[in-house]
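Scroll down for the structure; my scribbles are underneath it.
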Amino acid sequence: MKILVTGAAGFIGFYVSQGLLERGDEVVGLDNLNDYYDPRLKMARLEILQRHKGFRFVKLDLVNRGAIEVLFTTEKFSRVIHLAAQAGVRNSIENPHIYVDSNVTGFLHIIEGCRHNDVEHLVYASTSSVYGANTHMPFAVEQNVDHPLSLYAATKKANELMAHCYSSLYGLPTTGLRFFTVYGPWGRPDMALFLFTANILARKPVDVFNYGKHKRDFTYVGDIAKGVIAALDHDASPDPHWNSDAPNPSTSRVPYRVYNIGNQRPVELMRYIEVIEDCLGRKAQINLLPLQAGDVPDTVADVESLVRDVGYRPNTPVEEGVKRFVEWYREYYQVHTAH
């Protein structure tokens, strides 16, 4: 199959593209290589992908409507995995306009491309942040998600609503995946694991918000990538049991699905830090701080529907995943310290 992966130079996009290439798919990777974090990391991921003869890279911004239209009409993709977005909860509070440009207007350009060019299935990234003010654990796709706490979350909720419109109006199968906290080698420098590792090695204090009482559904990136590809292969279909008197928000009478993609085994942040300390052979200096604006105290994913429908089974324990990250970090940044 010829598959478009947007955000291919990003963390999850890199792993998903590799998984598709390894099984023999042709991948066109789109990315704008923005500087939200160090573009050298994106370039290094891209260099690895470009070693595959089935991979081609297109540098393009989602907001460039004309160029996206040309890309879809010339390439004729079988399927699309849309992972490109402006990420980051806190950044969306400070820079709201770029989130609407990338995550709402950009999403519209991608879904329009799918509709006009007979794409068989669109899989797109949503986020656990849509659960916002919900406190009932685990977060389940059957819950109402009308109380987001950040503009980032609101843009992703908008994507789910837009996808439903297109599934309804045009019969386009769409599957939204609500990502929980993804970690692993080649991860994003603004994520906790990266920041903690860098600071502990530099003997700098680690900022721990909510006084370390966070629980997070940390999920290893390799497990996530397998889940994304399994979802791609399982076209969204109408739910024959959908009832408009008691509507299930995660399904519909049209080919629309929303799933959580997480680990279902939450880890306390302080335990996560202990695992990092063990892997580094060094203790962290911890700076305990209150909960940040827009952040949620806990995230726990109910992934039963994804397990049932596509056979998704995350199986990498946090100790193993963090160990792989630390080994990659030392190698990539050439940090080989003694205990």
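All residue names refer to the structure tokens as shown: chains lettered A, B, ... in order, residues numbered from 1 in each chain, ligands numbered from 1 in order.
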Within 9 Å of stretch 111-118 of chain A: each stretch 123-224 of chain A residue with its shortest pair, only C-alpha atoms, as a Markdown table:
| residue | atom | partner | partner_atom | distance |
| --- | --- | --- | --- | --- |
| A:Met162 | CA | A:Ile111 | CA | 8.6 |
| A:Ala163 | CA | A:Ile111 | CA | 7.6 |
| A:Tyr166 | CA | A:Ile111 | CA | 7.7 |
| A:Tyr170 | CA | A:Arg115 | CA | 7.0 |
| A:Gly171 | CA | A:Arg115 | CA | 8.8 |
| A:Leu172 | CA | A:Arg115 | CA | 6.7 |
Let's have the selection written as a PDB file, in the first residue's frame, with N, CA, C and O atoms.
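Produced file again_31.pdb, reproduced below:
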ATOM      1  N   MET A 162     -14.850  16.871  13.513  1.00  0.00           N
ATOM      2  CA  MET A 162     -14.719  17.043  12.063  1.00  0.00           C
ATOM      3  C   MET A 162     -14.690  15.679  11.366  1.00  0.00           C
ATOM      4  O   MET A 162     -15.322  15.484  10.325  1.00  0.00           O
ATOM      5  N   ALA A 163     -13.967  14.734  11.968  1.00  0.00           N
ATOM      6  CA  ALA A 163     -13.899  13.379  11.391  1.00  0.00           C
ATOM      7  C   ALA A 163     -15.286  12.764  11.321  1.00  0.00           C
ATOM      8  O   ALA A 163     -15.654  12.137  10.316  1.00  0.00           O
ATOM      9  N   TYR A 166     -17.212  14.059   8.338  1.00  0.00           N
ATOM     10  CA  TYR A 166     -16.763  13.507   7.055  1.00  0.00           C
ATOM     11  C   TYR A 166     -17.147  12.034   6.917  1.00  0.00           C
ATOM     12  O   TYR A 166     -17.481  11.578   5.820  1.00  0.00           O
ATOM     13  N   TYR A 170     -19.610  11.732   3.795  1.00  0.00           N
ATOM     14  CA  TYR A 170     -18.940  11.154   2.619  1.00  0.00           C
ATOM     15  C   TYR A 170     -18.599   9.666   2.767  1.00  0.00           C
ATOM     16  O   TYR A 170     -17.975   9.084   1.879  1.00  0.00           O
ATOM     17  N   GLY A 171     -18.974   9.072   3.895  1.00  0.00           N
ATOM     18  CA  GLY A 171     -18.675   7.647   4.090  1.00  0.00           C
ATOM     19  C   GLY A 171     -17.189   7.360   4.248  1.00  0.00           C
ATOM     20  O   GLY A 171     -16.754   6.225   4.061  1.00  0.00           O
ATOM     21  N   LEU A 172     -16.393   8.386   4.598  1.00  0.00           N
ATOM     22  CA  LEU A 172     -14.948   8.189   4.776  1.00  0.00           C
ATOM     23  C   LEU A 172     -14.696   7.502   6.120  1.00  0.00           C
ATOM     24  O   LEU A 172     -15.051   8.050   7.165  1.00  0.00           O
TER      25      LEU A 172
END
Find the spatial neighbours of A:Tyr220, counting only C-alpha atoms, within a cut-off of 7 Å - ignore same-chain residues fewer than 3 positions away - and output them as an mmCIF file with N, CA, C and O atoms, in the first residue's frame.
data_model
loop_
_atom_site.group_PDB
_atom_site.id
_atom_site.type_symbol
_atom_site.label_atom_id
_atom_site.label_comp_id
_atom_site.auth_asym_id
_atom_site.auth_seq_id
_atom_site.Cartn_x
_atom_site.Cartn_y
_atom_site.Cartn_z
ATOM 1 N N VAL A 182 3.482 8.897 25.816
ATOM 2 C CA VAL A 182 4.323 7.995 25.019
ATOM 3 C C VAL A 182 5.788 8.322 25.310
ATOM 4 O O VAL A 182 6.172 9.488 25.370
ATOM 5 N N TYR A 183 6.599 7.276 25.493
ATOM 6 C CA TYR A 183 8.017 7.504 25.802
ATOM 7 C C TYR A 183 8.856 6.444 25.110
ATOM 8 O O TYR A 183 8.348 5.407 24.662
ATOM 9 N N GLY A 184 10.166 6.685 25.049
ATOM 10 C CA GLY A 184 11.078 5.705 24.473
ATOM 11 C C GLY A 184 12.210 6.395 23.741
ATOM 12 O O GLY A 184 12.279 7.628 23.682
ATOM 13 N N ASP A 223 5.204 -0.153 21.325
ATOM 14 C CA ASP A 223 3.846 -0.703 21.482
ATOM 15 C C ASP A 223 2.823 0.198 20.786
ATOM 16 O O ASP A 223 1.886 -0.277 20.134
ATOM 17 N N ILE A 224 3.013 1.508 20.943
ATOM 18 C CA ILE A 224 2.108 2.487 20.323
ATOM 19 C C ILE A 224 2.112 2.336 18.800
ATOM 20 O O ILE A 224 1.058 2.308 18.157
ATOM 21 N N THR A 316 5.445 -3.748 26.957
ATOM 22 C CA THR A 316 6.787 -3.349 27.398
ATOM 23 C C THR A 316 6.700 -2.739 28.791
ATOM 24 O O THR A 316 6.097 -1.679 28.965
ATOM 25 N N GLY A 321 11.404 -0.180 29.101
ATOM 26 C CA GLY A 321 11.286 0.965 28.199
ATOM 27 C C GLY A 321 12.230 2.092 28.572
ATOM 28 O O GLY A 321 12.894 2.687 27.713
#
Among stretch 99-273 of chain A, which ones does DSSP place in alpha helix (DSSP H), written as a PyMOL selection string? chain A and resi 99+106-116+151-170+192-201+221-233+269-273
task: Work out how far atom CA of A:Tyr37 is from atom CA of A:Asp190, in Å to one decimal.
output: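 Separation of atom CA of A:Asp190 and atom CA of A:Tyr37: 7.3 Å.
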Check your understanding: If we count only C-alpha atoms, what is near A:Leu177 at a cut-off of 12 Å, once residues fewer than 5 positions away on the same chain are taken out, given as JSON, numbers by chain?
Key -> {"A": [81, 82, 83, 122, 123, 124, 125, 126, 127, 128, 129, 130, 141, 156, 157, 159, 160, 163, 224, 225, 227, 228, 229, 230, 231, 232, 236, 250, 256, 257, 258, 259, 260, 261, 262, 301, 303, 305, 306]}
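Minimum atom-to-atom distance to A:Ala44, evaluated using only C-alpha atoms, belongs to A:Gly10 out of A:Gly10, A:Pro249, A:Asn287, A:Glu268.
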Q | atom CA of A:Ala284 to atom CA of A:Lys204, straight-line distance in Å | A |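 Calculated distance between atom CA of A:Lys204 and atom CA of A:Ala284 is 8.0 Å.
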Correct to one decimal, the distance atom CA of A:Asp35-atom CA of A:Asp298 is 28.9 Å
Q. Stretch 6-248 of chain A: which residues are strand (DSSP E or B) by DSSP, as JSON, numbers by chain?
A. {"A": [6, 26, 27, 28, 29, 30, 31, 55, 56, 57, 58, 59, 79, 80, 81, 82, 121, 122, 123, 124, 125, 126, 127, 139, 174, 175, 176, 177, 178, 179, 182, 183, 205, 206, 207, 208, 215, 216, 219, 220]}
Of the residues A:Leu288, A:Val221, A:Ile68, A:Val322, which is the one nearest to A:His109, using only C-alpha atoms?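 For A:His109, the nearest of the candidates is A:Ile68.
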Restricting to only C-alpha atoms, whichever of A:Tyr272, A:Tyr152, A:Trp242, A:Phe57 is closest to A:Val318 is A:Tyr272
Residue with the minimum atom-to-atom distance to A:Tyr131, picked from A:Gly106, A:Pro148, A:Gly294, A:Gly7 with only C-alpha atoms counted, is A:Pro148
Applying 8 Å and only C-alpha atoms, which residues near A:Gln285 remain after dropping the ones on its own chain fewer than 6 positions away? List them as a ChimeraX atom specification.
/A:200,203-206
Go ahead and write the selection's residues with N, CA and C atoms as a CSV table (one decimal), in the first residue's frame.
chain,number,residue,atom,x,y,z
A,200,ILE,N,19.3,15.0,35.5
A,200,ILE,CA,20.0,14.1,36.4
A,200,ILE,C,21.4,13.9,36.0
A,203,ARG,N,23.4,16.9,36.8
A,203,ARG,CA,23.3,17.2,38.2
A,203,ARG,C,22.5,18.5,38.5
A,204,LYS,N,21.5,18.7,37.7
A,204,LYS,CA,20.6,19.8,37.9
A,204,LYS,C,19.3,19.3,38.5
A,205,PRO,N,18.6,20.2,39.3
A,205,PRO,CA,17.3,19.7,39.9
A,205,PRO,C,16.3,19.4,38.8
A,206,VAL,N,15.4,18.5,39.2
A,206,VAL,CA,14.3,18.1,38.3
A,206,VAL,C,13.0,18.7,38.9
With only C-alpha atoms counted and 10 Å as the cut-off, give the residues of stretch 169-204 of chain A in contact with stretch 324-336 of chain A, each with its shortest interatomic distance in Å and the pair that gives it, as CSV.
residue,atom,partner,partner_atom,distance
A:Tyr183,CA,A:Phe325,CA,8.0
A:Gly184,CA,A:Phe325,CA,5.0
A:Pro185,CA,A:Phe325,CA,4.3
A:Trp186,CA,A:Trp328,CA,7.5
A:Gly187,CA,A:Phe325,CA,8.1
A:Leu193,CA,A:Phe325,CA,8.4
A:Phe194,CA,A:Tyr329,CA,8.4
A:Thr197,CA,A:Val326,CA,7.5
A:Ala198,CA,A:Tyr329,CA,8.7
A:Leu201,CA,A:Val335,CA,8.3
A:Ala202,CA,A:Val335,CA,10.0
For the residues selected in the previous step, produce a file with C-alpha atoms as a tab-separated table (two decimals), in the first residue's frame.
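The new file again_25.tsv reads:
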chain	number	residue	atom	x	y	z
A	183	TYR	CA	8.02	7.50	25.80
A	184	GLY	CA	11.08	5.71	24.47
A	185	PRO	CA	14.27	6.19	22.40
A	186	TRP	CA	14.18	9.13	19.97
A	187	GLY	CA	11.57	10.81	22.20
A	193	LEU	CA	11.67	11.32	30.54
A	194	PHE	CA	14.00	13.39	28.35
A	197	THR	CA	17.40	12.20	32.22
A	198	ALA	CA	19.20	15.32	30.96
A	201	LEU	CA	23.04	13.57	34.26
A	202	ALA	CA	23.90	17.29	34.45
Nearest to A:His97, restricted to only C-alpha atoms and choosing among A:Arg51, A:Val58, A:Ser237, A:Thr155, comes out as A:Thr155
Residues near A:Lys42, anyone? I mean within 12 Å using only C-alpha atoms, not counting same-chain ones fewer than 4 positions away, as JSON, numbers by chain.
{"A": [7, 8, 9, 10, 11, 12, 13, 14, 30, 31, 32, 33, 34, 35, 36, 37, 38, 46, 47, 48, 49, 59, 186, 187, 188, 189]}
Writing out the chosen residues with N, CA, C and O atoms as a compact mmCIF listing (two decimals), in the first residue's frame:
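Final output, result21.txt:
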# COMPACT_ATOMS: atom_id res chain seq x y z
N GLY A 7 3.80 14.13 9.86
CA GLY A 7 4.59 14.15 11.09
C GLY A 7 5.59 13.01 11.13
O GLY A 7 5.96 12.50 12.18
N ALA A 8 6.08 12.61 9.94
CA ALA A 8 6.95 11.42 9.84
C ALA A 8 8.29 11.60 10.54
O ALA A 8 8.93 10.63 10.95
N ALA A 9 8.74 12.86 10.67
CA ALA A 9 10.02 13.11 11.36
C ALA A 9 9.81 13.28 12.86
O ALA A 9 10.76 13.45 13.61
N GLY A 10 8.55 13.21 13.29
CA GLY A 10 8.24 13.30 14.72
C GLY A 10 8.48 11.97 15.41
O GLY A 10 8.79 10.95 14.78
N PHE A 11 8.31 11.98 16.72
CA PHE A 11 8.63 10.82 17.55
C PHE A 11 7.80 9.59 17.15
O PHE A 11 8.33 8.55 16.76
N ILE A 12 6.47 9.71 17.22
CA ILE A 12 5.61 8.56 16.91
C ILE A 12 5.62 8.29 15.41
O ILE A 12 5.68 7.13 14.98
N GLY A 13 5.61 9.35 14.61
CA GLY A 13 5.63 9.19 13.15
C GLY A 13 6.83 8.41 12.65
O GLY A 13 6.72 7.62 11.70
N PHE A 14 7.97 8.62 13.28
CA PHE A 14 9.20 7.91 12.94
C PHE A 14 9.03 6.40 13.15
O PHE A 14 9.35 5.59 12.26
N LEU A 30 5.47 13.19 5.41
CA LEU A 30 5.33 14.65 5.35
C LEU A 30 5.70 15.24 6.70
O LEU A 30 5.34 14.70 7.75
N ASP A 31 6.44 16.36 6.68
CA ASP A 31 6.78 17.07 7.92
C ASP A 31 7.19 18.48 7.55
O ASP A 31 7.74 18.69 6.46
N ASN A 32 6.94 19.44 8.44
CA ASN A 32 7.44 20.79 8.15
C ASN A 32 8.74 21.09 8.89
O ASN A 32 9.31 22.17 8.74
N LEU A 33 9.20 20.11 9.69
CA LEU A 33 10.49 20.23 10.42
C LEU A 33 10.57 21.54 11.21
O LEU A 33 11.59 22.22 11.22
N ASN A 34 9.48 21.89 11.91
CA ASN A 34 9.49 23.15 12.66
C ASN A 34 10.41 23.06 13.87
O ASN A 34 10.92 21.99 14.21
N ASP A 35 10.64 24.20 14.52
CA ASP A 35 11.63 24.22 15.60
C ASP A 35 10.98 24.25 16.98
O ASP A 35 11.54 24.79 17.93
N TYR A 36 9.79 23.63 17.10
CA TYR A 36 9.17 23.49 18.43
C TYR A 36 10.15 22.79 19.38
O TYR A 36 10.22 23.09 20.55
N TYR A 37 10.89 21.83 18.86
CA TYR A 37 12.06 21.31 19.57
C TYR A 37 13.17 21.11 18.56
O TYR A 37 12.95 21.27 17.36
N ASP A 38 14.34 20.76 19.01
CA ASP A 38 15.57 20.70 18.21
C ASP A 38 15.35 19.98 16.86
O ASP A 38 15.18 18.77 16.82
N LEU A 46 14.86 11.28 10.34
CA LEU A 46 14.57 11.27 8.90
C LEU A 46 15.66 10.55 8.12
O LEU A 46 15.38 9.79 7.18
N GLU A 47 16.89 10.77 8.55
CA GLU A 47 18.04 10.13 7.89
C GLU A 47 17.91 8.61 7.94
O GLU A 47 18.21 7.92 6.97
N ILE A 48 17.43 8.11 9.08
CA ILE A 48 17.24 6.65 9.23
C ILE A 48 16.13 6.17 8.28
O ILE A 48 16.27 5.15 7.60
N LEU A 49 15.03 6.92 8.23
CA LEU A 49 13.91 6.53 7.35
C LEU A 49 14.35 6.54 5.88
O LEU A 49 13.92 5.70 5.09
N LYS A 59 8.77 17.88 2.38
CA LYS A 59 8.76 18.95 3.39
C LYS A 59 7.62 19.90 3.05
O LYS A 59 7.63 20.55 2.01
N TRP A 186 14.51 8.13 20.99
CA TRP A 186 14.18 9.13 19.97
C TRP A 186 13.02 10.03 20.40
O TRP A 186 12.40 10.69 19.58
N GLY A 187 12.71 10.05 21.70
CA GLY A 187 11.57 10.81 22.20
C GLY A 187 11.75 12.32 22.11
O GLY A 187 12.80 12.82 21.72
N ARG A 188 10.69 13.02 22.48
CA ARG A 188 10.69 14.49 22.38
C ARG A 188 11.40 15.10 23.58
O ARG A 188 11.13 14.73 24.72
N PRO A 189 12.26 16.10 23.33
CA PRO A 189 13.02 16.72 24.42
C PRO A 189 12.16 17.49 25.43
O PRO A 189 12.63 17.81 26.52
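For A:Arg90, the list of residues within 12 Å, based on only C-alpha atoms and with local chain neighbours fewer than 6 positions off taken out, reads Pro96, Tyr99, Ser129, Leu149, Ser150, Leu151, Tyr152, Ala153, Asp190, Met191, Leu291, Gln292, Ala293, Gly294, Asp295 and Val296 of chain A.
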